[in-house]
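Reproduced below: query28.txt, with compact mmCIF, C-alpha atoms and all ligand atoms.
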```txt
# COMPACT_ATOMS: atom_id res chain seq x y z
CA MET A 432 -5.33 -1.32 -0.39
CA ASN A 433 -3.00 -4.30 -0.65
CA LEU A 434 -3.87 -7.96 -0.29
CA HIS A 435 -1.67 -10.74 1.02
CA GLU A 436 -0.56 -13.37 -1.47
CA TYR A 437 -2.86 -15.98 0.09
CA GLN A 438 -5.87 -13.64 -0.17
CA ALA A 439 -5.03 -12.86 -3.79
CA LYS A 440 -4.75 -16.60 -4.50
CA ASP A 441 -8.15 -17.20 -2.86
CA LEU A 442 -9.54 -14.70 -5.36
CA PHE A 443 -7.66 -16.42 -8.19
CA ARG A 444 -9.30 -19.73 -7.21
CA ARG A 445 -12.72 -18.10 -7.38
CA TYR A 446 -11.93 -17.09 -10.97
CA GLN A 447 -10.49 -20.51 -11.89
CA ILE A 448 -6.97 -19.13 -12.26
CA PRO A 449 -4.73 -22.10 -11.42
CA VAL A 450 -2.67 -21.77 -8.20
CA PRO A 451 -0.76 -24.36 -6.14
CA ALA A 452 -2.66 -26.07 -3.32
CA GLY A 453 -1.86 -24.40 0.00
CA ALA A 454 -3.02 -23.44 3.47
CA VAL A 455 -2.20 -20.59 5.84
CA VAL A 456 -1.15 -20.86 9.47
CA SER A 457 -0.58 -18.21 12.09
CA SER A 458 0.84 -20.52 14.76
CA PRO A 459 3.05 -23.67 14.61
CA GLU A 460 0.21 -25.68 16.21
CA GLU A 461 -1.86 -25.23 13.06
CA VAL A 462 0.68 -26.89 10.78
CA THR A 463 -0.58 -30.47 11.19
CA ALA A 464 -4.12 -29.49 10.27
CA ALA A 465 -2.86 -27.37 7.36
CA LEU A 466 -1.08 -30.40 5.86
CA GLN A 467 -4.34 -32.42 5.74
CA GLY A 468 -5.36 -31.04 2.37
CA LEU A 469 -1.86 -31.02 0.85
CA SER A 470 0.24 -33.66 -0.87
CA THR A 471 3.44 -34.93 0.74
CA ALA A 472 6.75 -33.00 0.88
CA PRO A 473 8.42 -30.96 -0.54
CA TRP A 474 6.51 -27.84 0.45
CA VAL A 475 7.18 -24.12 0.19
CA VAL A 476 6.80 -21.86 3.23
CA LYS A 477 5.96 -18.29 2.25
CA ALA A 478 5.96 -15.31 4.63
CA GLN A 479 2.82 -13.24 4.15
CA VAL A 480 3.77 -9.57 4.15
CA HIS A 481 2.70 -6.61 2.04
CA ALA A 482 5.96 -6.47 0.10
CA GLY A 483 7.61 -8.27 -2.75
CA GLY A 484 11.18 -9.46 -2.97
CA ARG A 485 10.50 -11.95 -0.19
CA GLY A 486 12.59 -14.59 -1.92
CA LYS A 487 15.66 -12.36 -1.60
CA GLY A 488 14.84 -11.61 2.05
CA GLY A 489 14.59 -15.25 3.15
CA GLY A 490 10.82 -15.15 3.26
CA ILE A 491 10.38 -18.03 0.78
CA GLN A 492 11.73 -21.41 1.90
CA VAL A 493 11.49 -24.75 0.15
CA VAL A 494 11.40 -27.54 2.77
CA ALA A 495 11.95 -31.27 2.26
CA ASP A 496 10.21 -32.79 5.29
CA ASP A 497 8.14 -32.17 8.46
CA VAL A 498 11.18 -31.17 10.51
CA GLU A 499 12.35 -28.53 8.05
CA LEU A 500 8.77 -27.34 7.66
CA GLY A 501 8.33 -26.90 11.41
CA ALA A 502 11.65 -25.07 11.69
CA ALA A 503 10.82 -22.71 8.82
CA VAL A 504 7.37 -21.90 10.24
CA VAL A 505 8.80 -21.23 13.72
CA ALA A 506 11.60 -19.09 12.30
CA LEU A 507 9.31 -16.97 10.13
CA LEU A 508 6.29 -16.48 12.39
CA GLY A 509 6.76 -13.50 14.69
CA SER A 510 9.82 -12.26 12.80
CA GLN A 511 10.27 -9.00 10.92
CA LEU A 512 10.95 -9.66 7.25
CA VAL A 513 13.27 -7.22 5.49
CA THR A 514 13.21 -7.35 1.69
CA PRO A 515 14.52 -5.03 -1.05
CA GLN A 516 11.02 -3.50 -1.04
CA THR A 517 10.70 -2.76 2.71
CA ASP A 518 12.54 -0.33 4.98
CA ALA A 519 15.27 -1.50 7.36
CA VAL A 520 12.72 -2.43 10.03
CA GLY A 521 10.80 -4.73 7.70
CA LEU A 522 7.26 -6.01 8.09
CA PRO A 523 5.88 -8.37 10.74
CA VAL A 524 5.21 -11.95 9.65
CA ASN A 525 1.97 -12.97 11.37
CA THR A 526 0.89 -15.54 8.78
CA VAL A 527 2.72 -17.99 6.57
CA LEU A 528 1.40 -19.82 3.54
CA ILE A 529 2.36 -23.48 3.19
CA GLU A 530 2.10 -24.71 -0.40
CA GLU A 531 2.82 -27.85 -2.33
CA ALA A 532 6.15 -27.18 -4.01
CA THR A 533 6.07 -26.81 -7.77
CA ALA A 534 8.72 -28.20 -10.10
CA ILE A 535 9.39 -25.23 -12.34
CA GLU A 536 10.23 -25.40 -16.05
CA ARG A 537 10.02 -21.66 -16.83
CA GLU A 538 9.18 -18.47 -14.90
CA LEU A 539 7.14 -15.82 -16.73
CA TYR A 540 5.77 -12.44 -15.74
CA LEU A 541 2.14 -11.44 -16.22
CA GLY A 542 0.54 -8.20 -15.06
CA LEU A 543 -2.68 -6.31 -15.60
CA LEU A 544 -2.44 -2.64 -14.79
CA ILE A 545 -3.79 0.78 -15.62
CA ASP A 546 -1.89 2.72 -18.26
CA ARG A 547 -2.61 6.30 -17.27
CA ALA A 548 -1.37 7.71 -20.59
CA GLU A 549 -3.58 5.36 -22.63
CA LYS A 550 -6.36 5.62 -20.02
CA LYS A 551 -6.87 1.90 -20.50
CA LEU A 552 -6.00 -1.41 -18.93
CA VAL A 553 -2.87 -2.95 -20.30
CA VAL A 554 -1.60 -6.51 -20.12
CA MET A 555 2.14 -6.76 -19.56
CA ALA A 556 3.98 -10.02 -20.03
CA SER A 557 7.57 -11.12 -20.13
CA ALA A 558 9.55 -14.30 -20.55
CA ALA A 559 11.95 -12.82 -17.96
CA GLY A 560 9.71 -13.66 -15.01
CA GLY A 561 10.52 -14.29 -11.39
CA MET A 562 12.77 -11.27 -11.10
CA ASP A 563 12.41 -7.57 -10.55
CA ILE A 564 10.20 -6.59 -13.49
CA GLU A 565 10.98 -2.86 -13.05
CA ALA A 566 14.65 -3.68 -13.66
CA VAL A 567 13.75 -5.74 -16.76
CA ALA A 568 11.62 -2.86 -18.08
CA ALA A 569 14.42 -0.38 -17.48
CA SER A 570 17.37 -2.34 -18.90
CA THR A 571 15.72 -4.50 -21.57
CA PRO A 572 12.36 -2.93 -22.46
CA ASP A 573 12.14 -5.16 -25.56
CA LYS A 574 11.62 -8.12 -23.21
CA ILE A 575 8.26 -6.68 -22.12
CA LEU A 576 5.21 -7.51 -24.22
CA THR A 577 2.15 -5.30 -23.91
CA ALA A 578 -1.44 -5.42 -25.07
CA VAL A 579 -3.67 -2.42 -24.55
CA ILE A 580 -7.27 -3.46 -23.84
CA ASP A 581 -10.03 -1.64 -25.69
CA PRO A 582 -12.67 -0.98 -23.02
CA VAL A 583 -15.49 -1.54 -25.55
CA THR A 584 -14.41 -4.94 -26.85
CA GLY A 585 -12.39 -6.17 -23.89
CA LEU A 586 -9.29 -8.30 -24.33
CA GLN A 587 -9.35 -10.01 -27.75
CA GLY A 588 -8.30 -13.53 -28.68
CA TYR A 589 -5.64 -12.29 -31.12
CA GLN A 590 -4.03 -10.26 -28.32
CA VAL A 591 -3.81 -13.36 -26.15
CA ARG A 592 -2.24 -15.30 -29.03
CA ASP A 593 0.26 -12.44 -29.66
CA ILE A 594 1.35 -12.57 -26.05
CA GLY A 595 1.44 -16.35 -26.04
CA PHE A 596 3.66 -16.50 -29.13
CA GLY A 597 5.83 -13.70 -27.72
CA LEU A 598 6.35 -15.74 -24.57
CA GLY A 599 7.25 -18.78 -26.65
CA LEU A 600 4.28 -20.84 -25.44
CA SER A 601 3.03 -24.00 -27.16
CA MET A 602 -0.49 -24.11 -28.62
CA THR A 603 -1.66 -26.11 -25.58
CA GLN A 604 -0.24 -23.47 -23.26
CA ILE A 605 -1.81 -20.63 -25.26
CA ARG A 606 -5.13 -22.48 -24.88
CA GLN A 607 -4.53 -22.26 -21.10
CA LEU A 608 -3.41 -18.63 -21.25
CA HIS A 609 -6.64 -17.54 -22.92
CA PRO A 610 -9.10 -18.36 -20.09
CA LEU A 611 -6.48 -17.28 -17.54
CA LEU A 612 -6.15 -13.79 -19.03
CA MET A 613 -9.90 -13.45 -19.56
CA ALA A 614 -10.47 -14.38 -15.92
CA LEU A 615 -7.80 -11.90 -14.84
CA GLU A 616 -9.56 -9.13 -16.77
CA ARG A 617 -12.93 -10.06 -15.23
CA LEU A 618 -11.40 -10.16 -11.73
CA PHE A 619 -9.82 -6.75 -12.29
CA HIS A 620 -13.17 -5.16 -13.15
CA GLU A 621 -15.40 -7.01 -10.70
CA GLN A 622 -13.08 -6.55 -7.72
CA ASP A 623 -12.17 -2.94 -8.58
CA ALA A 624 -8.48 -3.75 -8.68
CA SER A 625 -5.81 -1.21 -9.53
CA LEU A 626 -3.10 -3.80 -10.14
CA VAL A 627 -2.91 -7.57 -10.58
CA GLU A 628 0.47 -9.21 -10.95
CA ILE A 629 1.58 -12.83 -11.31
CA ASN A 630 5.34 -12.99 -10.91
CA PRO A 631 6.20 -15.69 -11.59
CA LEU A 632 3.56 -17.34 -13.72
CA VAL A 633 5.28 -20.68 -14.15
CA ILE A 634 5.22 -23.54 -16.55
CA ASN A 635 5.50 -26.65 -14.41
CA LYS A 636 7.03 -30.01 -15.30
CA ASN A 637 3.73 -31.10 -16.91
CA GLY A 638 3.87 -28.05 -19.18
CA ASP A 639 0.90 -26.39 -17.46
CA LEU A 640 0.56 -22.72 -16.49
CA LEU A 641 0.33 -21.99 -12.76
CA ALA A 642 0.25 -18.72 -10.78
CA LEU A 643 3.07 -19.26 -8.29
CA ASP A 644 2.86 -15.76 -6.81
CA ALA A 645 -0.08 -13.34 -6.67
CA LYS A 646 -0.24 -9.65 -6.03
CA ILE A 647 -3.46 -7.66 -6.04
CA ASN A 648 -3.98 -4.01 -5.19
CA LEU A 649 -7.57 -2.90 -4.75
CA ASP A 650 -8.85 0.61 -5.38
CA ASP A 651 -9.29 2.29 -1.98
CA SER A 652 -12.10 4.43 -3.38
CA ALA A 653 -14.11 1.29 -4.17
CA VAL A 654 -13.92 -0.29 -0.72
CA TYR A 655 -17.49 0.78 0.04
CA ARG A 656 -18.73 -1.35 -2.87
CA HIS A 657 -17.30 -4.56 -1.43
CA ALA A 658 -18.59 -5.78 1.92
CA ASP A 659 -15.81 -8.37 2.08
CA PHE A 660 -12.89 -5.95 1.64
CA GLN A 661 -12.94 -4.86 5.29
CA SER A 662 -12.01 -8.35 6.46
CA LEU A 663 -9.13 -8.47 3.96
CA GLN A 664 -7.37 -5.48 5.50
CA ASP A 665 -4.30 -6.11 7.63
CA PRO A 666 -3.39 -3.03 9.72
CA SER A 667 -0.20 -4.77 10.93
CA GLN A 668 1.25 -4.28 7.45
CA GLU A 669 0.43 -0.59 7.24
CA ASP A 670 2.25 2.49 8.49
CA THR A 671 1.10 2.61 12.15
CA ARG A 672 0.40 6.34 12.08
CA GLU A 673 -1.54 6.08 8.84
CA ALA A 674 -3.61 3.22 10.28
CA LYS A 675 -4.25 5.22 13.48
CA ALA A 676 -5.24 8.27 11.40
CA GLN A 677 -7.62 6.17 9.36
CA SER A 678 -9.37 4.94 12.51
CA LEU A 679 -9.74 8.58 13.63
CA GLY A 680 -11.07 9.63 10.23
CA LEU A 681 -8.07 11.90 9.59
CA ASN A 682 -6.45 12.03 6.16
CA TYR A 683 -2.79 11.54 7.00
CA ILE A 684 0.24 10.41 5.02
CA THR A 685 3.74 10.03 6.46
CA LEU A 686 6.49 11.91 4.60
CA ASP A 687 10.26 12.28 5.09
CA GLY A 688 10.65 15.82 6.46
CA ASN A 689 10.66 17.39 9.93
CA ILE A 690 7.87 19.97 9.77
CA GLY A 691 4.58 18.54 11.02
CA CYS A 692 1.64 20.08 9.14
CA LEU A 693 -1.85 20.35 10.61
CA VAL A 694 -4.31 21.79 8.13
CA ASN A 695 -8.04 21.76 7.46
CA GLY A 696 -8.93 20.95 3.87
CA ALA A 697 -6.95 18.79 1.43
CA GLY A 698 -6.31 21.65 -1.00
CA LEU A 699 -5.06 23.93 1.76
CA ALA A 700 -2.88 21.09 3.06
CA MET A 701 -1.31 20.67 -0.40
CA ALA A 702 -0.75 24.44 -0.69
CA THR A 703 0.85 24.45 2.77
CA MET A 704 3.24 21.65 1.81
CA ASP A 705 4.07 23.47 -1.44
CA LEU A 706 4.92 26.65 0.47
CA VAL A 707 7.08 24.76 2.97
CA GLN A 708 8.99 23.23 0.05
CA LEU A 709 9.26 26.60 -1.69
CA GLU A 710 10.83 28.07 1.45
CA GLY A 711 13.36 25.23 1.45
CA GLY A 712 11.78 23.04 4.13
CA LYS A 713 10.45 19.49 4.17
CA PRO A 714 6.98 18.48 5.44
CA ALA A 715 6.86 15.50 7.79
CA ASN A 716 3.35 14.65 6.71
CA PHE A 717 0.24 15.48 4.79
CA LEU A 718 -2.65 15.99 7.18
CA ASP A 719 -6.16 17.19 6.48
CA VAL A 720 -8.24 17.29 9.68
CA GLY A 721 -11.34 17.93 7.59
CA GLY A 722 -13.81 20.76 7.23
CA GLY A 723 -15.41 20.20 10.62
CA ALA A 724 -12.17 20.68 12.55
CA THR A 725 -13.15 20.61 16.24
CA ALA A 726 -10.93 21.15 19.26
CA GLU A 727 -10.95 17.38 19.90
CA ARG A 728 -9.86 16.56 16.38
CA VAL A 729 -7.10 19.16 16.55
CA ALA A 730 -5.87 17.53 19.78
CA GLU A 731 -5.89 14.07 18.15
CA ALA A 732 -4.07 15.48 15.14
CA PHE A 733 -1.37 16.98 17.39
CA LYS A 734 -0.84 13.62 19.07
CA LEU A 735 -0.55 11.91 15.71
CA ILE A 736 2.01 14.41 14.40
CA LEU A 737 4.03 14.23 17.62
CA SER A 738 4.21 10.43 17.51
CA ASP A 739 6.64 10.92 14.59
CA ALA A 740 10.09 11.37 16.13
CA LYS A 741 11.32 13.27 13.06
CA VAL A 742 9.03 16.22 13.77
CA ASN A 743 10.84 19.21 15.33
CA THR A 744 8.41 21.98 14.34
CA ILE A 745 4.65 22.10 13.86
CA LEU A 746 2.89 24.33 11.38
CA VAL A 747 -0.84 24.79 11.93
CA ASN A 748 -2.84 26.29 9.11
CA ILE A 749 -6.57 26.58 9.73
CA PHE A 750 -9.17 28.45 7.76
CA GLY A 751 -12.16 29.11 9.99
CA GLY A 752 -15.03 28.90 7.57
CA ILE A 753 -17.40 26.45 9.17
CA VAL A 754 -15.44 26.43 12.44
CA ARG A 755 -14.68 29.54 14.50
CA CYS A 756 -11.03 30.49 14.91
CA ASP A 757 -11.43 31.12 18.66
CA LEU A 758 -12.61 27.52 19.17
CA ILE A 759 -9.69 26.23 17.13
CA ALA A 760 -7.29 28.42 19.13
CA GLU A 761 -8.67 26.95 22.34
CA GLY A 762 -8.20 23.47 20.90
CA ILE A 763 -4.60 24.20 19.95
CA LEU A 764 -3.81 25.64 23.37
CA ALA A 765 -5.45 22.71 25.16
CA ALA A 766 -3.44 20.26 23.06
CA VAL A 767 -0.17 22.14 23.65
CA ARG A 768 -0.78 22.14 27.43
CA GLN A 769 -1.93 18.52 27.54
CA GLU A 770 0.90 17.15 25.38
CA LYS A 771 3.54 19.29 27.18
CA LEU A 772 4.87 20.22 23.74
CA ASP A 773 8.60 20.74 23.41
CA VAL A 774 8.58 21.65 19.72
CA PRO A 775 7.70 25.14 18.49
CA VAL A 776 4.22 25.61 17.06
CA ILE A 777 3.54 28.21 14.39
CA VAL A 778 -0.12 29.01 13.81
CA ARG A 779 -1.74 30.69 10.88
CA LEU A 780 -5.43 31.37 11.42
CA GLU A 781 -7.83 33.05 9.03
CA GLY A 782 -11.61 33.41 8.95
CA THR A 783 -14.44 33.77 11.43
CA ASN A 784 -13.41 35.31 14.81
CA VAL A 785 -9.76 35.34 13.73
CA GLU A 786 -8.84 38.34 15.92
CA LEU A 787 -10.31 36.67 18.99
CA GLY A 788 -8.45 33.46 18.17
CA LYS A 789 -5.10 35.21 17.78
CA GLN A 790 -5.70 37.14 21.02
CA LEU A 791 -6.35 33.91 22.93
CA ILE A 792 -3.04 32.47 21.74
CA ALA A 793 -1.10 35.68 22.47
CA ASP A 794 -2.58 35.86 26.00
CA SER A 795 -1.91 32.18 26.77
CA GLY A 796 1.73 32.66 27.72
CA LEU A 797 2.49 29.44 25.84
CA ASP A 798 5.27 29.11 23.29
CA VAL A 799 2.95 29.30 20.30
CA ILE A 800 3.83 31.69 17.50
CA VAL A 801 1.04 33.47 15.65
CA ALA A 802 2.00 34.17 12.04
CA ASP A 803 0.77 37.14 10.02
CA ASP A 804 -0.12 35.09 6.97
CA LEU A 805 0.60 31.74 5.32
CA THR A 806 3.91 32.74 3.72
CA ASP A 807 5.09 34.17 7.03
CA ALA A 808 4.05 30.94 8.77
CA ALA A 809 5.94 28.78 6.27
CA THR A 810 9.05 30.98 6.44
CA GLN A 811 9.13 30.86 10.24
CA ALA A 812 8.49 27.12 10.34
CA VAL A 813 11.30 26.38 7.88
CA GLN A 814 13.69 28.65 9.79
CA LEU A 815 12.88 27.04 13.16
CA ALA A 816 13.06 23.50 11.75
CA GLY A 817 16.47 24.36 10.26
CA THR A 818 17.95 25.71 13.48
CA ARG A 819 16.68 22.71 15.44
CA ALA A 820 17.80 20.07 12.94
P1 LIG A 901 8.58 -12.81 -4.02
O1 LIG A 901 10.08 -12.96 -3.94
O2 LIG A 901 8.06 -12.02 -2.85
O3 LIG A 901 8.12 -12.25 -5.31
O4 LIG A 901 7.97 -14.29 -3.84
P2 LIG A 901 7.59 -15.40 -4.93
O5 LIG A 901 6.37 -16.08 -4.49
O6 LIG A 901 7.57 -14.83 -6.30
O7 LIG A 901 8.80 -16.43 -4.82
C1 LIG A 901 10.12 -16.07 -5.18
C2 LIG A 901 10.79 -17.17 -5.93
O8 LIG A 901 10.82 -18.34 -5.13
C3 LIG A 901 10.10 -17.57 -7.22
O9 LIG A 901 10.44 -16.76 -8.29
C4 LIG A 901 10.61 -19.00 -7.38
O10 LIG A 901 11.85 -19.00 -8.04
C5 LIG A 901 10.81 -19.48 -5.97
N1 LIG A 901 9.66 -20.35 -5.61
C6 LIG A 901 8.49 -20.01 -5.05
N2 LIG A 901 7.67 -21.08 -4.94
C7 LIG A 901 8.34 -22.12 -5.45
C8 LIG A 901 8.04 -23.51 -5.65
O11 LIG A 901 6.97 -24.03 -5.35
N3 LIG A 901 9.02 -24.31 -6.20
C9 LIG A 901 10.22 -23.79 -6.56
N4 LIG A 901 11.10 -24.59 -7.11
N5 LIG A 901 10.53 -22.49 -6.42
C10 LIG A 901 9.63 -21.68 -5.86
MN MN A 902 7.00 -12.82 -6.86
```
Kindly transcribe the structure held in the file into structure tokens.
Ligand code: GDP
Ligand code: MN
Amino acid sequence: MNLHEYQAKDLFRRYQIPVPAGAVVSSPEEVTAALQGLSTAPWVVKAQVHAGGRGKGGGIQVVADDVELGAAVVALLGSQLVTPQTDAVGLPVNTVLIEEATAIERELYLGLLIDRAEKKLVVMASAAGGMDIEAVAASTPDKILTAVIDPVTGLQGYQVRDIGFGLGLSMTQIRQLHPLLMALERLFHEQDASLVEINPLVINKNGDLLALDAKINLDDSAVYRHADFQSLQDPSQEDTREAKAQSLGLNYITLDGNIGCLVNGAGLAMATMDLVQLEGGKPANFLDVGGGATAERVAEAFKLILSDAKVNTILVNIFGGIVRCDLIAEGILAAVRQEKLDVPVIVRLEGTNVELGKQLIADSGLDVIVADDLTDAATQAVQLAGTRA
């Protein structure tokens, strides 16, 4: 799960990682109150969306006085922000962060992430901060400094000094970098993060280090360990279908294709997507309705799949182990009738009461195709999706 910049900076403050003073507003009326705790102009107005590259998209505006501030807040709030990291629709700006502007001497990059090959945390740093770090890593990998953290000892002082010298910091700045990096490591572990990034970490006019931007990803699997994570979620920034699926307890991920897949069991869902690909088709989604697939859940799943305009064919693959195939068949038929489906549905059923289930579908008079087996189902789905595309 992603955090907004302002939420990440709140966490930074708790760990004594220096950030600029700031306040968030979600309506222009709140601006006056927000300025109470801040020094006088200039300020920076920062759109809070779950995407980077905001600077390039007009989501970061330095303002010189109250009038410019008001105008920037009004312009950003309620808008859709498109950045190099979003799609063409962009993300809704419901909150903006107003910060005291920082006079910048240098922009550095600092990240703490999981190196899956090393199976360890790794600190990444670069003097080429403020820009697209992926591009820096690709074109000039020598500009990226790394320090792999030994999980037994934790980050060591010599590693901090290596990075500090590599970044060209003064001794005073390295003395600031040390507690900053140690705090970052502690935050990473205690908050179950999967990524922490400060881009840019700046050196201000006084020569001090300051986290000007903050990005934190938290491990979804650890949400249950943190009572406060729930309140940090912002569904407005998530794929609407994925958010809807989450509220229904369905495991759903939007993909690019046109074949909607409705499957029970994550492994079976993966196998179904593999087969669709093998036959030359493209799945529109991953969807696992779970082991206890009931008629109601199947109906909800149909609705979810159909809310994606790309879908022109639906492939249902249910193994009736715990559930009976005749109940599932009834659920499918009810959903097809209720939703007045105008896309073909191919069903592969296997397991308890499978013959009864297939019979129910055949007798329904509805345009639902019963496949012989999974390969047959995938072949037919790909063919139909192709002719309708
Ligand atoms: P991002 O584009 O989404 O990564 O947003 P950032 O918070 O990193 O801001 C983008 C850029 O805006 C930074 O790299 C800075 O160059 C600039 N910026 C942000 N805040 C300030 C500030 O307080 N003062 C100045 N001078 N520039 C700023
Ligand atoms: Mn940034």
Report task. Could you check which of A:Ala766, A:Ile629, A:Ala812, A:Leu576 is closest to ligand LIG 901 (chain A), using all atoms listed in the file? Result ->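 Closest to ligand LIG 901 (chain A), using all atoms listed in the file: A:Ile629.
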Report task. Kindly work out which residues sit at most 8 Å from ligand MN 902 (chain A), using all atoms listed in the file, and give the list as a ChimeraX atom specification. Result -> /A:483-486,561-562,629-631,643-646
Report task. Compute the set of protein, DNA and RNA residues whose minimum atom distance to ligand LIG 901 (chain A) is at most 10 Å, using all atoms listed in the file, and state it as a ChimeraX atom specification. Result -> /A:436,451,473-494,514-516,529-540,560-563,628-633,635,642-646
**Report entry** Neighbour list for region 712-715 of chain A as number ranges by chain, cut-off 6 Å, only C-alpha atoms, skip fewer than 6 positions in-chain
**Finding:** A: 686-691, 813
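Minimum atom-to-atom distance to Phe733 (chain A), evaluated using all atoms listed in the file, belongs to A:Glu770 out of A:Glu770, A:Glu786, A:Asp757, A:Asp705.
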Requested in this report: Work out how far apart CA of Gln438 (chain A) and CA of Pro459 (chain A) are and give it in Å to one decimal.
Outcome: 20.0 Å
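Candidate residues A:Thr471, A:Asn433, A:Thr703, A:Asn695 were compared for distance to Thr725 (chain A), and the nearest is A:Asn695, using only C-alpha atoms.
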Query raised in the report: Using all atoms listed in the file, which residues sit within 9 Å of Ala732 (chain A) once same-chain residues fewer than 3 positions away are excluded, as a list in words?
Result: Ala676, Leu681, Leu693, Leu718, Val720, Glu727, Arg728, Val729, Leu735, Ile736 and Leu737 of chain A
Query raised in the report: Could you work out how far CA of Glu731 (chain A) lies from CA of Val754 (chain A), giving the answer in Å with one decimal?
Result: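 Spanning CA of Val754 (chain A) to CA of Glu731 (chain A) is a straight-line distance of 16.6 Å.
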Query raised in the report: Separation of CA of Glu673 (chain A) and CA of Leu508 (chain A), in Å?
Result: 24.1 Å
Go ahead and find all residues with at least one atom no further than 9 Å from (-10.2, -2.1, -0.8) in the file's coordinates, using only C-alpha atoms; report them as an mmCIF file with C-alpha atoms, in the coordinates of the input.
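Saved file result19.cif follows:
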```cif
data_model
loop_
_atom_site.group_PDB
_atom_site.id
_atom_site.type_symbol
_atom_site.label_atom_id
_atom_site.label_comp_id
_atom_site.auth_asym_id
_atom_site.auth_seq_id
_atom_site.Cartn_x
_atom_site.Cartn_y
_atom_site.Cartn_z
ATOM 1 C CA MET A 432 -5.330 -1.320 -0.390
ATOM 2 C CA ASN A 433 -3.000 -4.300 -0.650
ATOM 3 C CA LEU A 434 -3.870 -7.960 -0.290
ATOM 4 C CA GLN A 622 -13.080 -6.550 -7.720
ATOM 5 C CA ASP A 623 -12.170 -2.940 -8.580
ATOM 6 C CA ALA A 624 -8.480 -3.750 -8.680
ATOM 7 C CA ASN A 648 -3.980 -4.010 -5.190
ATOM 8 C CA LEU A 649 -7.570 -2.900 -4.750
ATOM 9 C CA ASP A 650 -8.850 0.610 -5.380
ATOM 10 C CA ASP A 651 -9.290 2.290 -1.980
ATOM 11 C CA SER A 652 -12.100 4.430 -3.380
ATOM 12 C CA ALA A 653 -14.110 1.290 -4.170
ATOM 13 C CA VAL A 654 -13.920 -0.290 -0.720
ATOM 14 C CA TYR A 655 -17.490 0.780 0.040
ATOM 15 C CA ARG A 656 -18.730 -1.350 -2.870
ATOM 16 C CA HIS A 657 -17.300 -4.560 -1.430
ATOM 17 C CA ASP A 659 -15.810 -8.370 2.080
ATOM 18 C CA PHE A 660 -12.890 -5.950 1.640
ATOM 19 C CA GLN A 661 -12.940 -4.860 5.290
ATOM 20 C CA LEU A 663 -9.130 -8.470 3.960
ATOM 21 C CA GLN A 664 -7.370 -5.480 5.500
#
```
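Between Asn784 (chain A) and the residues A:Tyr446, A:Ala454, A:Phe750, A:Leu679, the shortest atom-to-atom distance, using only C-alpha atoms, involves A:Phe750.
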Requested in this report: Around the point (-7.2, -12.1, -28.8), in the coordinates given by the file, pick out the residues reaching within 12 Å, counting only C-alpha atoms, and return them as a PyMOL selection string.
Outcome: chain A and resi 554+578-581+584-596+605-606+608-610+612-613
Query - Nearest to Leu709 (chain A), chosen from A:Lys551, A:Ile749, A:Ala464, A:Thr806, with all atoms listed in the file counted in the distances - result: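 Looking at the shortest contact to Leu709 (chain A), the residue is A:Thr806.
Nearest residue to Pro582 (chain A), choosing from A:Ala614, A:Val567, A:Ile545, A:Val456 and counting all atoms listed in the file: A:Ile545.
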Enclose region 725-728 of chain A, meaning all of its atoms listed in the file, in a box aligned along x, y and z, pad it by 5 Å on each side, and list the centre and edge lengths in Å to one decimal, as JSON.
```
{"center_x": -11.5, "center_y": 18.9, "center_z": 18.1, "size_x": 13.3, "size_y": 14.6, "size_z": 13.7}
```
